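data.csv follows; it contains CSV, C-alpha atoms.
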```
chain,number,residue,atom,x,y,z
D,1,MET,CA,50.0,89.2,67.4
D,2,LYS,CA,48.3,92.6,66.8
D,3,LYS,CA,45.1,91.1,68.0
D,4,HIS,CA,46.7,90.1,71.3
D,5,SER,CA,48.3,93.5,71.6
D,6,SER,CA,44.9,95.3,71.1
D,7,ILE,CA,43.3,93.0,73.7
D,8,SER,CA,46.1,93.8,76.2
D,9,LYS,CA,45.7,97.5,75.6
D,10,LEU,CA,41.9,97.3,76.1
D,11,ALA,CA,42.4,95.3,79.3
D,12,LEU,CA,44.9,97.8,80.6
D,13,VAL,CA,42.4,100.7,79.9
D,14,VAL,CA,39.6,98.8,81.7
D,15,LEU,CA,41.9,98.1,84.7
D,16,LEU,CA,42.9,101.8,84.8
D,17,PHE,CA,39.2,102.8,84.7
D,18,VAL,CA,38.2,100.3,87.3
D,19,GLY,CA,41.1,101.3,89.5
D,20,ALA,CA,40.3,105.0,89.2
D,21,SER,CA,36.6,104.4,90.1
D,22,GLN,CA,37.6,102.2,93.0
D,23,ALA,CA,40.1,104.9,94.2
D,24,ALA,CA,37.4,107.6,94.0
D,25,GLN,CA,35.0,105.3,95.9
D,26,ALA,CA,37.7,104.6,98.5
D,27,GLN,CA,38.3,108.3,98.9
D,28,THR,CA,34.5,108.9,99.4
D,29,ILE,CA,34.4,106.1,102.0
D,30,ALA,CA,37.5,107.4,103.7
D,31,GLU,CA,36.0,110.9,104.0
D,32,SER,CA,32.9,109.4,105.8
D,33,MET,CA,35.0,107.4,108.2
D,34,PRO,CA,35.5,108.6,111.8
D,35,PHE,CA,39.3,108.4,111.3
D,36,SER,CA,41.7,110.1,108.9
D,37,MET,CA,43.3,108.5,105.8
D,38,GLU,CA,46.6,108.4,107.4
D,39,GLU,CA,45.2,106.4,110.4
D,40,PHE,CA,43.5,104.1,107.9
D,41,LEU,CA,46.7,103.5,106.0
D,42,TRP,CA,48.6,102.8,109.3
D,43,GLY,CA,46.0,100.3,110.2
D,44,ILE,CA,46.2,98.5,106.9
D,45,THR,CA,50.0,98.5,107.2
D,46,LEU,CA,49.9,96.9,110.7
D,47,LEU,CA,47.4,94.3,109.5
D,48,MET,CA,49.6,93.4,106.5
D,49,GLY,CA,52.6,93.2,108.8
D,50,ALA,CA,50.8,90.8,111.1
D,51,MET,CA,49.8,88.7,108.2
D,52,LEU,CA,53.4,88.7,106.9
D,53,LEU,CA,54.7,87.5,110.2
D,54,PHE,CA,52.1,84.7,110.4
D,55,LEU,CA,53.1,83.6,106.9
D,56,ILE,CA,56.8,83.6,107.8
D,57,PHE,CA,56.0,81.5,110.9
D,58,VAL,CA,54.0,79.0,108.9
D,59,MET,CA,56.8,78.7,106.3
D,60,MET,CA,59.4,78.1,108.9
D,61,ARG,CA,57.3,75.4,110.4
D,62,LEU,CA,56.9,73.7,107.0
D,63,ILE,CA,60.6,74.0,106.4
D,64,GLN,CA,61.3,72.4,109.8
D,65,MET,CA,58.9,69.6,109.1
D,66,LEU,CA,60.5,68.9,105.7
D,67,ASN,CA,63.9,68.8,107.2
D,68,ASP,CA,62.8,66.5,110.0
D,69,GLU,CA,61.2,64.2,107.4
D,70,LYS,CA,64.4,64.1,105.3
D,71,ALA,CA,66.5,63.4,108.4
D,72,GLY,CA,64.2,60.5,109.4
D,73,ILE,CA,63.1,62.2,112.7
D,74,PRO,CA,59.7,60.8,113.7
D,75,LYS,CA,56.9,63.3,113.7
D,76,LYS,CA,56.0,64.6,117.1
D,77,GLU,CA,52.4,64.4,118.3
D,78,ARG,CA,50.9,67.9,118.6
D,79,LEU,CA,49.3,68.7,121.9
D,80,THR,CA,46.1,70.7,122.3
D,81,ILE,CA,46.1,74.0,124.2
D,82,TRP,CA,44.3,72.2,127.2
D,83,GLU,CA,47.1,69.6,127.3
D,84,LYS,CA,49.7,72.2,127.3
D,85,LEU,CA,48.0,74.1,130.1
D,86,LEU,CA,47.9,70.9,132.1
D,87,SER,CA,51.5,70.0,131.2
D,88,LEU,CA,50.3,66.6,129.9
D,89,ARG,CA,52.6,64.3,128.0
D,90,PRO,CA,51.6,63.1,124.5
D,91,MET,CA,49.9,59.8,124.0
D,92,SER,CA,53.0,58.5,122.3
D,93,ASP,CA,54.8,58.7,125.6
D,94,GLU,CA,52.1,56.7,127.4
D,95,GLU,CA,54.3,53.6,127.8
D,96,GLU,CA,56.9,55.6,129.7
D,97,LEU,CA,54.3,57.1,132.0
D,98,VAL,CA,52.6,53.9,133.1
D,99,MET,CA,53.2,53.4,136.9
D,100,ASP,CA,54.1,49.9,138.3
D,101,HIS,CA,51.0,49.3,140.4
D,102,THR,CA,47.6,48.4,138.9
D,103,TYR,CA,44.1,47.8,140.3
D,104,ASP,CA,41.6,45.6,138.6
D,105,GLY,CA,43.4,46.1,135.3
D,106,ILE,CA,43.4,49.9,135.6
D,107,TYR,CA,46.8,51.6,135.1
D,108,GLU,CA,47.8,54.9,136.3
D,109,LEU,CA,49.8,57.4,134.4
D,110,ASP,CA,52.5,59.5,136.1
D,111,ASN,CA,51.5,62.9,134.7
D,112,PRO,CA,53.1,65.8,136.5
D,113,THR,CA,51.0,68.2,138.6
D,114,PRO,CA,49.9,71.2,136.4
D,115,PRO,CA,52.0,74.3,137.0
D,116,TRP,CA,48.9,76.5,137.5
D,117,PHE,CA,47.7,74.2,140.2
D,118,ASN,CA,51.0,74.4,142.0
D,119,PHE,CA,50.9,78.2,141.7
D,120,LEU,CA,47.4,78.4,143.2
D,121,PHE,CA,48.3,75.9,146.0
D,122,TYR,CA,51.4,77.6,147.2
D,123,GLY,CA,49.9,81.0,146.6
D,124,THR,CA,47.0,80.2,148.9
D,125,ILE,CA,49.5,79.1,151.6
D,126,ILE,CA,51.4,82.3,151.3
D,127,ILE,CA,48.2,84.4,151.4
D,128,GLY,CA,47.0,82.5,154.4
D,129,ILE,CA,50.2,83.2,156.3
D,130,ILE,CA,50.1,86.9,155.5
D,131,TYR,CA,46.4,87.0,156.5
D,132,MET,CA,47.1,85.3,159.9
D,133,VAL,CA,50.0,87.6,160.7
D,134,ASN,CA,48.2,90.7,159.7
D,135,TYR,CA,44.8,90.0,161.3
D,136,HIS,CA,45.6,87.8,164.3
D,137,VAL,CA,49.3,88.5,165.2
D,138,ILE,CA,50.0,92.1,164.4
D,139,GLY,CA,46.3,93.1,164.5
D,140,ASP,CA,46.4,95.7,161.8
D,141,GLY,CA,43.7,94.0,159.7
D,142,ARG,CA,40.0,94.3,160.5
D,143,VAL,CA,38.4,91.1,161.6
D,144,GLN,CA,34.6,91.0,161.5
D,145,GLU,CA,34.3,92.2,165.1
D,146,ASN,CA,36.6,95.2,164.7
D,147,GLU,CA,35.0,96.0,161.3
D,148,TYR,CA,31.6,96.1,163.0
D,149,ALA,CA,32.8,98.3,165.8
D,150,ALA,CA,34.4,100.7,163.3
D,151,GLU,CA,31.3,100.9,161.2
D,152,MET,CA,29.1,101.5,164.2
D,153,ALA,CA,31.4,104.3,165.4
D,154,GLU,CA,31.3,105.8,161.9
D,155,TRP,CA,27.5,105.5,161.8
D,156,GLU,CA,27.2,107.3,165.2
D,157,VAL,CA,29.2,110.2,163.9
D,158,LYS,CA,27.1,110.5,160.8
D,159,SER,CA,23.9,110.1,162.8
D,160,ALA,CA,24.9,112.9,165.2
D,161,THR,CA,25.8,115.2,162.3
D,162,TYR,CA,22.5,114.4,160.6
D,163,GLN,CA,20.4,115.0,163.7
D,164,ALA,CA,22.2,118.3,164.3
D,165,ASN,CA,21.4,119.4,160.8
D,166,GLN,CA,17.8,118.2,160.8
D,167,THR,CA,16.4,121.0,163.0
D,168,ASP,CA,12.9,120.4,161.8
D,169,LEU,CA,12.9,117.0,163.7
D,170,ILE,CA,13.1,118.8,167.1
D,171,ASP,CA,10.1,118.2,169.3
D,172,GLU,CA,9.3,118.1,173.1
D,173,THR,CA,11.0,114.7,173.4
D,174,ASN,CA,14.5,115.7,172.1
D,175,VAL,CA,14.6,119.5,172.7
D,176,LYS,CA,17.8,120.7,174.2
D,177,LEU,CA,18.7,123.8,176.2
D,178,VAL,CA,20.2,126.7,174.2
D,179,THR,CA,22.7,129.0,175.9
D,180,ASP,CA,24.1,130.9,172.9
D,181,PRO,CA,23.8,134.6,173.9
D,182,ALA,CA,23.2,135.7,170.3
D,183,LEU,CA,20.3,133.3,169.8
D,184,LEU,CA,18.8,134.2,173.2
D,185,ALA,CA,19.0,137.9,172.3
D,186,GLU,CA,17.1,137.3,169.1
D,187,ALA,CA,14.5,135.4,171.1
D,188,ALA,CA,14.2,138.3,173.5
D,189,ASN,CA,13.5,140.7,170.6
D,190,ILE,CA,10.7,138.4,169.4
D,191,PHE,CA,9.4,138.2,172.9
D,192,GLN,CA,9.3,142.0,173.2
D,193,ALA,CA,7.6,142.3,169.9
D,194,LYS,CA,4.9,139.7,170.3
D,195,CYS,CA,4.6,138.5,173.8
D,196,VAL,CA,4.7,141.5,176.1
D,197,ALA,CA,1.0,142.2,175.6
D,198,CYS,CA,0.1,139.1,177.6
D,199,HIS,CA,3.2,138.5,179.7
D,200,GLY,CA,4.6,142.0,180.2
D,201,ASP,CA,7.8,143.6,179.0
D,202,GLN,CA,9.7,141.9,181.9
D,203,ALA,CA,7.6,138.6,181.6
D,204,GLU,CA,6.0,139.6,185.0
D,205,GLY,CA,2.6,138.5,183.7
D,206,LYS,CA,-0.6,140.4,182.6
D,207,ASN,CA,-3.3,138.5,180.9
D,208,GLY,CA,-0.9,135.6,180.7
D,209,PRO,CA,1.0,134.1,183.6
D,210,ASN,CA,4.2,135.3,185.2
D,211,LEU,CA,7.1,133.6,183.5
D,212,THR,CA,9.8,134.5,186.1
D,213,ASP,CA,8.6,132.6,189.1
D,214,GLU,CA,8.7,128.9,189.9
D,215,TYR,CA,5.0,128.3,189.2
D,216,TRP,CA,3.8,126.8,185.9
D,217,ILE,CA,0.3,126.0,184.6
D,218,HIS,CA,1.4,123.7,181.8
D,219,GLY,CA,4.7,122.5,183.2
D,220,GLY,CA,8.1,124.2,183.5
D,221,GLU,CA,10.4,121.6,182.1
D,222,LEU,CA,12.1,122.5,178.8
D,223,GLY,CA,10.0,119.9,176.8
D,224,GLN,CA,6.8,121.1,178.4
D,225,VAL,CA,7.6,124.8,177.6
D,226,PHE,CA,8.4,123.8,174.1
D,227,LYS,CA,5.1,122.0,173.7
D,228,THR,CA,3.2,124.9,175.1
D,229,ILE,CA,4.7,127.4,172.7
D,230,THR,CA,4.3,125.0,169.8
D,231,GLN,CA,0.6,124.1,170.4
D,232,GLY,CA,-0.4,127.3,172.1
D,233,VAL,CA,-3.3,127.6,174.6
D,234,PRO,CA,-6.2,128.7,172.4
D,235,GLU,CA,-8.7,128.7,175.2
D,236,LYS,CA,-6.6,131.3,177.0
D,237,GLY,CA,-5.9,133.3,173.9
D,238,MET,CA,-2.3,132.0,173.2
D,239,ILE,CA,-2.0,131.1,169.5
D,240,PRO,CA,0.1,128.0,168.3
D,241,TRP,CA,3.5,129.2,167.2
D,242,LYS,CA,4.4,126.1,165.2
D,243,GLY,CA,3.3,127.7,161.9
D,244,LEU,CA,5.3,130.9,162.6
D,245,LEU,CA,8.5,129.6,164.1
D,246,LYS,CA,10.6,126.6,163.1
D,247,PRO,CA,11.2,123.9,165.6
D,248,ASN,CA,14.8,125.0,166.3
D,249,GLU,CA,13.6,128.5,166.8
D,250,ILE,CA,10.9,127.4,169.3
D,251,GLN,CA,13.7,125.6,171.0
D,252,VAL,CA,15.6,128.9,171.4
D,253,MET,CA,12.4,130.7,172.6
D,254,ALA,CA,11.8,128.0,175.3
D,255,SER,CA,15.4,128.2,176.4
D,256,TYR,CA,15.0,132.0,176.6
D,257,ILE,CA,11.8,131.7,178.7
D,258,LEU,CA,13.6,129.4,181.2
D,259,SER,CA,16.5,131.9,181.4
D,260,LEU,CA,14.0,134.4,182.9
D,261,GLN,CA,13.6,132.4,186.1
D,262,GLY,CA,14.4,134.6,189.1
D,263,THR,CA,14.9,137.8,187.1
D,264,LEU,CA,12.3,139.6,189.2
D,265,PRO,CA,12.4,140.0,193.0
D,266,ALA,CA,9.9,138.0,195.0
D,267,GLY,CA,6.5,139.5,195.2
D,268,VAL,CA,6.9,141.5,192.0
D,269,GLY,CA,4.7,140.7,189.1
D,270,LYS,CA,1.5,138.7,188.8
D,271,ALA,CA,0.6,136.3,191.5
D,272,PRO,CA,1.8,132.7,191.1
D,273,GLU,CA,-0.4,130.4,189.0
D,274,GLY,CA,-0.3,126.7,188.6
D,275,GLU,CA,2.1,124.3,190.4
D,276,LYS,CA,5.5,125.0,191.7
D,277,MET,CA,8.2,123.2,189.8
D,278,SER,CA,11.1,121.7,191.7
D,279,GLY,CA,14.5,120.5,190.3
D,280,GLU,CA,17.2,122.0,188.3
D,281,ALA,CA,17.0,123.2,184.7
D,282,PRO,CA,18.0,120.8,181.9
D,283,VAL,CA,21.8,120.5,181.6
D,284,GLU,CA,22.0,119.1,178.1
D,285,GLU,CA,22.8,121.9,175.7
D,286,ALA,CA,22.1,122.2,172.0
D,287,PRO,CA,25.0,122.8,169.6
D,288,THR,CA,25.4,126.3,168.3
D,289,MET,CA,23.3,126.6,165.2
D,290,GLY,CA,24.1,130.1,164.2
D,291,SER,CA,21.7,133.0,164.0
D,292,THR,CA,18.4,131.6,162.8
D,293,MET,CA,15.9,133.9,164.4
D,294,ASN,CA,16.3,137.0,162.3
D,295,GLU,CA,14.2,135.7,159.5
D,296,SER,CA,11.3,134.7,161.8
D,297,ALA,CA,11.6,138.0,163.7
D,298,SER,CA,11.2,140.0,160.5
D,299,LEU,CA,8.3,137.8,159.5
D,300,LEU,CA,6.4,138.2,162.8
D,301,ALA,CA,7.0,142.0,162.8
D,302,LYS,CA,5.0,142.4,159.5
```
Can you turn what I pasted into structure tokens?
Amino acid sequence: MKKHSSISKLALVVLLFVGASQAAQAQTIAESMPFSMEEFLWGITLLMGAMLLFLIFVMMRLIQMLNDEKAGIPKKERLTIWEKLLSLRPMSDEEELVMDHTYDGIYELDNPTPPWFNFLFYGTIIIGIIYMVNYHVIGDGRVQENEYAAEMAEWEVKSATYQANQTDLIDETNVKLVTDPALLAEAANIFQAKCVACHGDQAEGKNGPNLTDEYWIHGGELGQVFKTITQGVPEKGMIPWKGLLKPNEIQVMASYILSLQGTLPAGVGKAPEGEKMSGEAPVEEAPTMGSTMNESASLLAK
């Protein structure tokens, strides 16, 4: 008896030692975990609760099966999950499901239509009616033609905005007339600083041609004037301005030069050169781009 008591005490000491070491190890693991001990204990509690509910469910099923067996109730055939989804009857009810007609010894079972199929079938009918009313009766929905038209209109707006902001893409083919007085005044300042030596302070012409009459050597249309300023006329001493002015700034300068037409009385200034240009000035105006010439004016003044 004493021997068994000593063994029990030794076993108790060993269990306490193992339990203490395991508790210390668990504490170390818990400290390295990304969650707190309280969260860990809550998780263990929920897991044990779920296991307890599962065991209660299994026990209740076993008790029901034992009671049915004692009462002589035949055991029901269990259906698979697929059979439940398809609402199929068990094979034990096959004799009740056999339909009257046969073909070549083949029998047909009267299984009901699966609920999910009925749901999809009637659901598509309802969606089809809503679609037809919304798109073809009321007209609020976008059919492909309306959607295409809306997308094209949106693209045109975005394209116009992009083109307006991409001033570096301006050339003689798409240049537009500028009428903003502030921009034209800035172009006049640059003209007075850099162009009067050849064209005169009133653009009456000196070494360069008269810019106030109707005669032009390289063309008097807006695009032609833009090209002349951009590329210059090196053989006549006019430098290319494309490296000193941005395209939108050259657009303003060309517009300023065209605004000088008729500012001097007939017979005043240098004699006409080139060919007389007929027709009206361009009517398409550029959108206001704000004051953009100050930076170039200060650059050219250096």
(request) Give me, please, the distance in Å between atom CA of Glu221 of chain D and atom CA of Pro234 of chain D, quoted to one decimal. (result)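 Interatomic distance, atom CA of Glu221 of chain D to atom CA of Pro234 of chain D: 20.5 Å.
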(request) Tell me, in Å to one decimal, how far atom CA of Val252 of chain D is from atom CA of Glu156 of chain D. (result)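 Those two atoms sit 25.3 Å apart.
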(request) Please identify all polymer residues within 12 Å of Ser255 of chain D, counting all atoms listed in the file, omitting same-chain residues fewer than 4 positions from it, and present them as a PyMOL selection string. (result) chain D and resi 175-181+183-188+220-226+229+248-251+259-261+281-286
(message) Show me the residues close to (49.5, 60.0, 131.9) - anything with an atom within 7 Å, counting all atoms listed in the file - and format the list as a PyMOL selection string.
(response) chain D and resi 88-89+94+97-98+108-111
